[in-house]
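One file, final_7.txt, carrying compact mmCIF, C-alpha atoms:
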```txt
# COMPACT_ATOMS: atom_id res chain seq x y z
CA MET A 1 -6.65 -33.02 26.53
CA ILE A 2 -5.96 -29.73 28.30
CA ILE A 3 -2.47 -29.62 26.82
CA ARG A 4 -3.86 -30.23 23.33
CA LEU A 5 -6.49 -27.53 23.70
CA ASN A 6 -3.93 -25.03 24.94
CA THR A 7 -1.66 -25.92 22.04
CA VAL A 8 -4.48 -25.39 19.55
CA LYS A 9 -5.36 -22.06 21.16
CA ALA A 10 -1.74 -20.92 21.09
CA PHE A 11 -1.38 -21.92 17.46
CA GLY A 12 -4.62 -20.11 16.63
CA VAL A 13 -3.42 -16.91 18.26
CA PHE A 14 -0.08 -17.20 16.45
CA PHE A 15 -1.86 -17.75 13.12
CA ILE A 16 -4.13 -14.76 13.68
CA LEU A 17 -1.14 -12.57 14.50
CA ILE A 18 0.61 -13.56 11.29
CA VAL A 19 -2.45 -13.08 9.11
CA CYS A 20 -3.51 -9.85 10.74
CA GLY A 21 -0.04 -8.39 11.13
CA GLY A 22 0.00 -7.15 7.56
CA PHE A 23 -3.46 -5.64 7.94
CA PHE A 24 -2.37 -3.92 11.16
CA CYS A 25 0.69 -2.44 9.44
CA ARG A 26 -1.45 -1.21 6.56
CA ALA A 27 -3.99 0.31 8.96
CA GLN A 28 -1.18 1.96 10.91
CA GLN A 29 0.24 3.34 7.67
CA ARG A 30 -3.16 4.72 6.64
CA SER A 31 -3.55 6.36 10.03
CA GLN A 32 -0.11 7.92 9.79
CA ASN A 33 -0.82 9.20 6.28
CA ASP A 34 -4.09 10.72 7.44
CA SER A 35 -2.37 12.60 10.27
CA LEU A 36 0.34 13.87 7.91
CA VAL A 37 -2.28 15.01 5.39
CA ILE A 38 -4.04 17.01 8.10
CA LYS A 39 -0.77 18.82 8.82
CA LEU A 40 -0.63 20.03 5.21
CA GLY A 41 -3.62 22.26 5.88
CA LYS A 42 -7.26 22.59 4.98
CA GLY A 43 -8.41 21.05 1.72
CA PHE A 44 -5.87 18.22 1.39
CA VAL A 45 -7.23 14.67 1.14
CA SER A 46 -5.77 11.18 0.87
CA ASP A 47 -7.25 8.66 -1.55
CA THR A 48 -6.48 5.68 -3.78
CA ALA A 49 -7.32 4.70 -7.34
CA GLY A 50 -7.09 1.45 -9.28
CA VAL A 51 -4.56 1.93 -12.08
CA ASN A 52 -2.62 -0.32 -14.45
CA GLY A 53 -3.25 -3.53 -12.51
CA THR A 54 -2.44 -2.04 -9.11
CA THR A 55 -3.77 0.53 -6.62
CA MET A 56 -2.09 3.92 -6.30
CA HIS A 57 -2.26 6.12 -3.21
CA TYR A 58 -2.20 9.87 -3.68
CA VAL A 59 -2.68 13.09 -1.72
CA ARG A 60 -4.52 15.96 -3.36
CA GLY A 61 -5.19 19.59 -2.51
CA GLY A 62 -5.62 23.08 -3.93
CA THR A 63 -7.34 24.34 -7.06
CA GLY A 64 -6.19 25.45 -10.49
CA PRO A 65 -3.96 23.88 -13.16
CA VAL A 66 -2.80 20.39 -12.19
CA VAL A 67 0.72 19.64 -10.93
CA ILE A 68 1.60 16.00 -10.25
CA LEU A 69 4.56 15.32 -7.94
CA VAL A 70 6.45 12.01 -8.19
CA HIS A 71 8.83 11.06 -5.38
CA GLY A 72 12.18 9.26 -5.43
CA PHE A 73 13.85 6.55 -3.37
CA PRO A 74 13.79 6.10 -0.40
CA GLU A 75 10.89 8.51 0.06
CA ASP A 76 7.15 8.51 -0.69
CA TRP A 77 4.52 11.20 -1.33
CA TYR A 78 5.60 12.96 1.87
CA GLU A 79 8.81 14.07 0.18
CA TRP A 80 6.73 16.99 -1.11
CA HIS A 81 5.13 18.08 2.19
CA LYS A 82 7.07 21.35 2.29
CA ILE A 83 6.18 22.07 -1.33
CA MET A 84 2.49 21.17 -1.49
CA PRO A 85 1.01 23.95 0.70
CA ARG A 86 2.99 26.54 -1.25
CA LEU A 87 1.82 25.24 -4.64
CA SER A 88 -1.80 24.67 -3.58
CA LYS A 89 -2.38 28.42 -3.54
CA LYS A 90 -2.26 28.44 -7.36
CA PHE A 91 -2.48 24.80 -8.46
CA THR A 92 -4.28 21.52 -7.93
CA VAL A 93 -1.44 19.51 -6.40
CA ILE A 94 -1.33 15.71 -6.46
CA ALA A 95 1.53 13.78 -4.85
CA VAL A 96 1.58 10.03 -5.49
CA ASP A 97 3.09 6.94 -3.91
CA LEU A 98 4.85 4.93 -6.61
CA ARG A 99 3.69 1.35 -7.12
CA GLY A 100 4.54 -1.03 -4.32
CA VAL A 101 5.49 1.46 -1.60
CA GLY A 102 3.81 3.62 1.02
CA GLY A 103 0.04 3.64 0.73
CA SER A 104 0.04 2.12 -2.75
CA LYS A 105 -0.67 -1.57 -3.18
CA GLU A 106 2.24 -3.90 -2.54
CA THR A 107 3.43 -5.39 -5.81
CA LEU A 108 6.53 -7.28 -6.88
CA ALA A 109 6.76 -6.63 -10.61
CA ASN A 110 6.72 -4.20 -13.52
CA PHE A 111 9.00 -1.46 -12.20
CA GLU A 112 10.16 -0.40 -15.65
CA LYS A 113 9.79 3.36 -15.70
CA ALA A 114 7.73 3.23 -18.90
CA ASN A 115 5.23 0.99 -17.11
CA MET A 116 5.25 3.19 -14.00
CA ALA A 117 4.53 6.13 -16.29
CA GLY A 118 1.46 4.13 -17.29
CA ASP A 119 0.39 4.17 -13.63
CA ILE A 120 0.49 7.98 -13.66
CA HIS A 121 -1.33 8.14 -16.98
CA GLN A 122 -4.17 5.94 -15.80
CA LEU A 123 -4.46 8.01 -12.62
CA ILE A 124 -4.85 11.09 -14.81
CA VAL A 125 -7.59 9.33 -16.77
CA ARG A 126 -9.35 8.09 -13.62
CA LEU A 127 -9.35 11.55 -12.07
CA LYS A 128 -10.34 13.19 -15.39
CA LEU A 129 -7.37 15.55 -15.35
CA GLU A 130 -6.17 17.50 -18.37
CA HIS A 131 -2.98 19.17 -19.55
CA VAL A 132 -0.98 18.27 -16.45
CA TYR A 133 2.47 19.42 -15.35
CA ILE A 134 4.60 16.63 -13.89
CA VAL A 135 7.53 17.03 -11.52
CA GLY A 136 9.66 14.02 -10.64
CA HIS A 137 12.66 13.68 -8.35
CA ASP A 138 15.26 10.91 -8.44
CA VAL A 139 13.48 7.70 -9.59
CA GLY A 140 10.38 9.86 -9.99
CA GLY A 141 12.33 11.96 -12.50
CA MET A 142 13.01 8.83 -14.54
CA VAL A 143 9.29 8.03 -14.48
CA THR A 144 8.54 11.62 -15.53
CA TYR A 145 10.81 11.36 -18.58
CA ALA A 146 9.23 8.03 -19.56
CA PHE A 147 5.80 9.67 -19.19
CA VAL A 148 6.56 12.57 -21.48
CA ARG A 149 7.92 10.14 -24.05
CA ARG A 150 4.88 7.86 -23.91
CA TYR A 151 2.17 10.49 -23.44
CA PRO A 152 3.46 13.83 -24.77
CA LYS A 153 -0.01 15.17 -25.52
CA GLU A 154 -1.06 14.78 -21.86
CA ALA A 155 1.57 17.15 -20.42
CA ARG A 156 1.96 20.90 -20.74
CA GLY A 157 5.49 20.46 -19.41
CA VAL A 158 7.70 18.42 -17.07
CA MET A 159 10.44 19.04 -14.54
CA ILE A 160 13.09 16.42 -13.76
CA LEU A 161 14.86 17.02 -10.45
CA ASP A 162 18.38 15.90 -9.60
CA VAL A 163 18.74 12.64 -11.48
CA GLY A 164 20.48 11.20 -14.50
CA LEU A 165 18.50 9.28 -17.09
CA PRO A 166 19.28 5.59 -17.72
CA GLY A 167 20.76 4.99 -21.14
CA LEU A 168 21.59 8.65 -21.85
CA PRO A 169 25.03 10.19 -21.28
CA PRO A 170 26.51 10.66 -18.74
CA TRP A 171 24.68 7.60 -17.37
CA ASN A 172 27.70 5.29 -17.77
CA ASP A 173 29.74 7.74 -15.71
CA ASP A 174 27.04 7.67 -13.03
CA LYS A 175 27.18 3.89 -12.86
CA ALA A 176 30.97 4.00 -12.50
CA ASN A 177 30.88 6.65 -9.77
CA PRO A 178 31.85 5.03 -6.43
CA MET A 179 29.57 7.49 -4.62
CA LEU A 180 26.67 5.71 -6.33
CA TRP A 181 27.67 2.24 -5.13
CA HIS A 182 24.09 1.56 -4.14
CA PHE A 183 23.08 1.30 -7.81
CA GLY A 184 24.84 -2.06 -8.14
CA PHE A 185 24.08 -3.17 -4.60
CA GLN A 186 20.33 -2.64 -4.93
CA GLN A 187 20.24 -4.44 -8.27
CA THR A 188 21.85 -7.53 -6.75
CA PRO A 189 19.30 -10.37 -6.53
CA LYS A 190 18.01 -11.33 -3.06
CA LEU A 191 20.96 -10.13 -0.95
CA PRO A 192 19.88 -6.51 -0.29
CA GLU A 193 16.53 -7.63 1.12
CA HIS A 194 18.31 -9.72 3.76
CA LEU A 195 20.75 -6.99 4.71
CA ILE A 196 18.31 -4.06 4.79
CA ALA A 197 15.19 -5.73 6.27
CA GLY A 198 14.64 -4.48 9.79
CA ARG A 199 17.36 -1.86 9.29
CA GLN A 200 15.52 0.48 6.93
CA PHE A 201 15.95 3.47 9.23
CA ILE A 202 19.72 2.98 9.46
CA TYR A 203 20.12 2.35 5.74
CA PHE A 204 18.00 5.34 4.75
CA ARG A 205 19.46 7.70 7.38
CA GLU A 206 23.14 6.87 7.03
CA GLY A 207 23.29 5.32 3.58
CA MET A 208 21.10 7.82 1.74
CA PHE A 209 20.12 11.07 3.46
CA ASP A 210 23.34 11.68 5.38
CA ARG A 211 25.49 10.88 2.35
CA PHE A 212 23.66 12.67 -0.44
CA ALA A 213 22.18 15.74 1.27
CA LEU A 214 24.24 18.89 1.69
CA ASN A 215 22.12 19.64 4.76
CA ALA A 216 21.15 16.25 6.18
CA LYS A 217 19.31 17.93 9.07
CA ALA A 218 16.68 19.04 6.55
CA ILE A 219 15.38 15.46 6.74
CA THR A 220 14.45 14.77 10.36
CA ASP A 221 14.65 11.41 12.10
CA ALA A 222 10.85 11.44 12.36
CA GLU A 223 10.63 11.78 8.58
CA VAL A 224 13.16 8.99 8.07
CA THR A 225 11.06 6.81 10.38
CA HIS A 226 8.03 7.53 8.20
CA TYR A 227 9.93 6.53 5.06
CA ALA A 228 11.28 3.40 6.74
CA ASN A 229 7.67 2.43 7.49
CA SER A 230 6.72 3.01 3.84
CA TYR A 231 9.28 0.37 2.84
CA SER A 232 8.88 -1.84 5.92
CA ALA A 233 6.95 -4.84 4.55
CA PRO A 234 9.05 -7.32 2.52
CA GLU A 235 7.04 -6.55 -0.61
CA GLN A 236 7.51 -2.80 -0.13
CA LEU A 237 11.26 -3.11 0.32
CA ARG A 238 11.45 -5.37 -2.73
CA ALA A 239 9.51 -2.76 -4.71
CA GLY A 240 12.00 -0.04 -3.79
CA LEU A 241 14.83 -2.30 -4.92
CA GLY A 242 12.81 -3.12 -8.03
CA PHE A 243 13.06 0.53 -9.08
CA TYR A 244 16.80 -0.07 -9.47
CA ARG A 245 16.60 -3.59 -10.85
CA ALA A 246 14.62 -2.21 -13.78
CA PHE A 247 17.47 0.12 -14.83
CA PRO A 248 18.68 -2.15 -17.68
CA ALA A 249 15.18 -2.11 -19.21
CA ASP A 250 15.00 1.66 -18.65
CA GLU A 251 18.30 2.11 -20.48
CA LYS A 252 16.95 0.31 -23.54
CA PHE A 253 13.70 2.28 -23.50
CA ASN A 254 15.37 5.69 -23.19
CA ALA A 255 18.06 4.96 -25.77
CA GLY A 256 15.34 4.03 -28.25
CA GLN A 257 13.38 7.28 -27.87
CA ARG A 258 14.63 9.53 -30.67
CA SER A 259 11.51 11.09 -32.12
CA ALA A 260 10.99 14.84 -31.98
CA LEU A 261 9.55 15.99 -28.65
CA ASN A 262 8.42 19.58 -28.22
CA VAL A 263 7.07 19.41 -24.66
CA PRO A 264 9.00 21.84 -22.40
CA ILE A 265 11.48 19.99 -20.18
CA VAL A 266 13.17 21.64 -17.19
CA LEU A 267 16.21 19.84 -15.80
CA ALA A 268 17.07 21.07 -12.31
CA GLY A 269 19.50 19.84 -9.67
CA GLY A 270 21.40 20.76 -6.56
CA ASP A 271 24.70 22.58 -7.00
CA HIS A 272 26.30 19.96 -4.74
CA SER A 273 24.70 17.03 -6.56
CA VAL A 274 23.53 16.58 -10.17
CA GLY A 275 23.68 20.31 -10.96
CA PRO A 276 27.14 20.20 -12.61
CA ASN A 277 25.96 17.37 -14.93
CA LEU A 278 22.83 19.13 -16.16
CA PRO A 279 24.39 20.53 -19.39
CA ARG A 280 25.50 17.03 -20.44
CA ILE A 281 22.08 15.54 -19.70
CA ALA A 282 20.40 18.37 -21.61
CA GLU A 283 22.68 17.81 -24.60
CA SER A 284 21.80 14.09 -24.61
CA LEU A 285 18.09 14.95 -24.62
CA ARG A 286 18.55 17.38 -27.50
CA LYS A 287 20.44 14.77 -29.51
CA ASN A 288 17.52 12.41 -28.94
CA GLY A 289 14.94 14.82 -30.32
CA CYS A 290 13.94 16.99 -27.34
CA THR A 291 13.69 20.51 -28.75
CA ASN A 292 12.72 22.47 -25.62
CA VAL A 293 15.14 21.75 -22.78
CA ILE A 294 16.47 24.19 -20.20
CA THR A 295 18.57 23.69 -17.06
CA ARG A 296 18.36 25.32 -13.66
CA VAL A 297 20.77 24.87 -10.73
CA ILE A 298 19.38 24.89 -7.18
CA ALA A 299 21.86 26.68 -4.95
CA LYS A 300 23.10 25.35 -1.62
CA SER A 301 21.53 21.93 -2.06
CA GLY A 302 22.51 18.32 -2.26
CA HIS A 303 20.37 15.59 -3.80
CA TYR A 304 17.21 16.08 -1.71
CA VAL A 305 16.25 19.41 -3.19
CA ALA A 306 12.60 19.40 -2.09
CA ASP A 307 13.69 18.88 1.53
CA GLU A 308 16.77 21.10 1.50
CA GLN A 309 15.50 24.06 -0.54
CA PRO A 310 11.68 23.82 -0.55
CA GLU A 311 11.02 27.52 -1.10
CA MET A 312 13.35 27.63 -4.09
CA VAL A 313 11.92 24.42 -5.58
CA ALA A 314 8.33 25.57 -5.06
CA GLU A 315 9.13 28.88 -6.78
CA LEU A 316 10.78 27.01 -9.66
CA ILE A 317 7.81 24.68 -10.13
CA GLY A 318 5.35 27.56 -9.85
CA ARG A 319 7.22 29.56 -12.48
CA TYR A 320 7.31 26.86 -15.14
CA ALA A 321 4.03 25.12 -14.32
CA SER A 322 2.27 28.44 -14.95
CA LEU A 323 3.58 28.85 -18.49
```

For the file at hand, write its structure as structure tokens.
Amino acid sequence: MIIRLNTVKAFGVFFILIVCGGFFCRAQQRSQNDSLVIKLGKGFVSDTAGVNGTTMHYVRGGTGPVVILVHGFPEDWYEWHKIMPRLSKKFTVIAVDLRGVGGSKETLANFEKANMAGDIHQLIVRLKLEHVYIVGHDVGGMVTYAFVRRYPKEARGVMILDVGLPGLPPWNDDKANPMLWHFGFQQTPKLPEHLIAGRQFIYFREGMFDRFALNAKAITDAEVTHYANSYSAPEQLRAGLGFYRAFPADEKFNAGQRSALNVPIVLAGGDHSVGPNLPRIAESLRKNGCTNVITRVIAKSGHYVADEQPEMVAELIGRYASL
């Protein structure tokens, strides 16, 4: 009888640990986000909103015209922490966590960029924002382009940072570039989850930041640890991979968008990353109906422009978001 009771107690403790483990991780993540928000300075707050069948986490601060910042992989809202205090002096700044990662609700589906643009749109509606300026980096840049295609009347302008656009030249060259091997790897069903799980820090540090940054020291190990935590749960990691697995659908969506679009688009990229490709991307956009496209190269930067050249990026955003 004693053995049975002890067995039941042990099983009960084990069950509680499993059930509560996820809640503990989420609470730990919220606590970490709160401490990082405090570091941004007075007036910044962290909150969530129900949007498009999910819950989106965002950090908001400042006053003035609205600028929405959309992160890339493998980062979250904190990608913009060097930018937000600078912009908040003139703008209302909102940095989001894309669906499924960070403080946003864990979800396993609907990572097409057109749908993720719907997340941003519903957040704008929920917060009663008007005439926003949207800045997206990497995957966030793809979401930003999908947004301006779906909701052109909602944006006074957009900035797409250091990323090609699925379905638009030179996208096929990007997919064939051996430096971008992770495109195919992360689209592979099931396997990446098994190989990356528990090794997020290593994969992000050595596979992403160290390889694609000109100055990898601009992203500290503490920051990489934070990002690893934002993709730590199985559902969160699968969401990050889902951003890439949706590329075929994104290609079809972008290739089909050929109507005239007059919203100002700024394409910017690091001189040691996407910068040299910007004229080709701009030409593709013009051929597909975008009438107001300019390019700007960010000097002495690799892919992670907001981390490597925050002052330059903040100045660039401030200049065009004010127009």

Within 12 Å of Val125 of chain A, counting only C-alpha atoms, which residues qualify if same-chain residues fewer than 2 places away don't, as a ChimeraX atom specification? /A:49-52,118-123,127-132,151,154

Residues of the last selection are to be written out with C-alpha atoms, as a CSV table (one decimal), in the coordinates of the input.
```csv
chain,number,residue,atom,x,y,z
A,49,ALA,CA,-7.3,4.7,-7.3
A,50,GLY,CA,-7.1,1.4,-9.3
A,51,VAL,CA,-4.6,1.9,-12.1
A,52,ASN,CA,-2.6,-0.3,-14.4
A,118,GLY,CA,1.5,4.1,-17.3
A,119,ASP,CA,0.4,4.2,-13.6
A,120,ILE,CA,0.5,8.0,-13.7
A,121,HIS,CA,-1.3,8.1,-17.0
A,122,GLN,CA,-4.2,5.9,-15.8
A,123,LEU,CA,-4.5,8.0,-12.6
A,127,LEU,CA,-9.4,11.6,-12.1
A,128,LYS,CA,-10.3,13.2,-15.4
A,129,LEU,CA,-7.4,15.6,-15.4
A,130,GLU,CA,-6.2,17.5,-18.4
A,131,HIS,CA,-3.0,19.2,-19.6
A,132,VAL,CA,-1.0,18.3,-16.4
A,151,TYR,CA,2.2,10.5,-23.4
A,154,GLU,CA,-1.1,14.8,-21.9
```

Atom CA of Gly72 of chain A to atom CA of His137 of chain A measures 5.3 Å

Record the distance separating atom CA of Arg60 of chain A and atom CA of Gln200 of chain A, expressed in Å with one decimal. 27.3 Å

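The list of residues with at least one atom within 10 Å of segment 206-219 of chain A, based on all atoms listed in the file and without residues fewer than 5 positions apart in the same chain, reads Phe73, Pro74, Glu79, Met179, Leu180, His182, Gln200, Phe201, Val224, Gly270, Asp271, His272, Ser273, Lys300, Ser301, Gly302, His303, Tyr304, Val305, Ala306, Asp307, Glu308, Gln309 and Pro310 of chain A.
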
Produce a file of the selected residues containing C-alpha atoms, as a compact mmCIF listing (two decimals), keeping the file's coordinate frame.
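The resulting file, part_3.txt, is reproduced below:
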```txt
# COMPACT_ATOMS: atom_id res chain seq x y z
CA PHE A 73 13.85 6.55 -3.37
CA PRO A 74 13.79 6.10 -0.40
CA GLU A 79 8.81 14.07 0.18
CA MET A 179 29.57 7.49 -4.62
CA LEU A 180 26.67 5.71 -6.33
CA HIS A 182 24.09 1.56 -4.14
CA GLN A 200 15.52 0.48 6.93
CA PHE A 201 15.95 3.47 9.23
CA VAL A 224 13.16 8.99 8.07
CA GLY A 270 21.40 20.76 -6.56
CA ASP A 271 24.70 22.58 -7.00
CA HIS A 272 26.30 19.96 -4.74
CA SER A 273 24.70 17.03 -6.56
CA LYS A 300 23.10 25.35 -1.62
CA SER A 301 21.53 21.93 -2.06
CA GLY A 302 22.51 18.32 -2.26
CA HIS A 303 20.37 15.59 -3.80
CA TYR A 304 17.21 16.08 -1.71
CA VAL A 305 16.25 19.41 -3.19
CA ALA A 306 12.60 19.40 -2.09
CA ASP A 307 13.69 18.88 1.53
CA GLU A 308 16.77 21.10 1.50
CA GLN A 309 15.50 24.06 -0.54
CA PRO A 310 11.68 23.82 -0.55
```

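Counting all atoms listed in the file and comparing A:Leu241, A:Val143, A:Leu316, A:Val70, the residue that lies closest to Glu112 of chain A is A:Val143.
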
Among listed residues A:Ser284, A:Gln257, A:Asn262, A:Ser104, nearest Arg156 of chain A (using all atoms listed in the file): A:Asn262

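Put simply, atom CA of Phe111 of chain A is 5.9 Å away from atom CA of Gly242 of chain A.
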
Residue with smallest distance to Lys89 of chain A - pool A:Gly269, A:Gly167, A:Pro234, A:Gly318, counting all atoms listed in the file: A:Gly318

Just the residues within 9 Å of Glu106 of chain A, please, counting all atoms listed in the file, with nothing from its chain fewer than 5 positions along; format it as JSON, numbers by chain. {"A": [54, 55, 99, 100, 101, 233, 235, 236, 239]}

With distances taken over all atoms listed in the file, the candidate from A:His57, A:His194, A:Arg319, A:Arg286 nearest Lys90 of chain A is A:Arg319

For Asn288 of chain A, the nearest of the candidates A:Pro169, A:Thr92, A:Ile317, A:Ile202, counting only C-alpha atoms: A:Pro169

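Counting all atoms listed in the file, the residue from A:Pro276, A:Gly198, A:Pro152, A:Gly41 that sits nearest to Ala228 of chain A is A:Gly198.
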
Taking (-2.6, 14.0, -2.0) in the coordinates of the supplied file, I want to know which residues reach to within 7 Å of it, counting only C-alpha atoms; could you give the answer as a ChimeraX atom specification? /A:44-46,58-61,94-96

Find the residues around Ile294 of chain A up to 8 Å (all atoms listed in the file counted), leave out those fewer than 2 positions away in its own chain, and share them as a ChimeraX atom specification. /A:265-267,282,292,296

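The environment of Asn254 of chain A within 8 Å, counting all atoms listed in the file and disregarding residues fewer than 2 places along the same chain, consists of Ala146, Leu165, Pro166, Gly167, Leu168, Asp250, Glu251, Lys252, Gly256 and Gln257 of chain A.
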
Given 5 Å of margin on each side, can you work out the centre and size in Å (one decimal) of an axis-aligned box holding every listed atom of segment 223-240 of chain A, as lines of an AutoDock Vina configuration file?
```
center_x = 9.9
center_y = 2.2
center_z = 2.8
size_x = 16.4
size_y = 29.1
size_z = 25.1
```
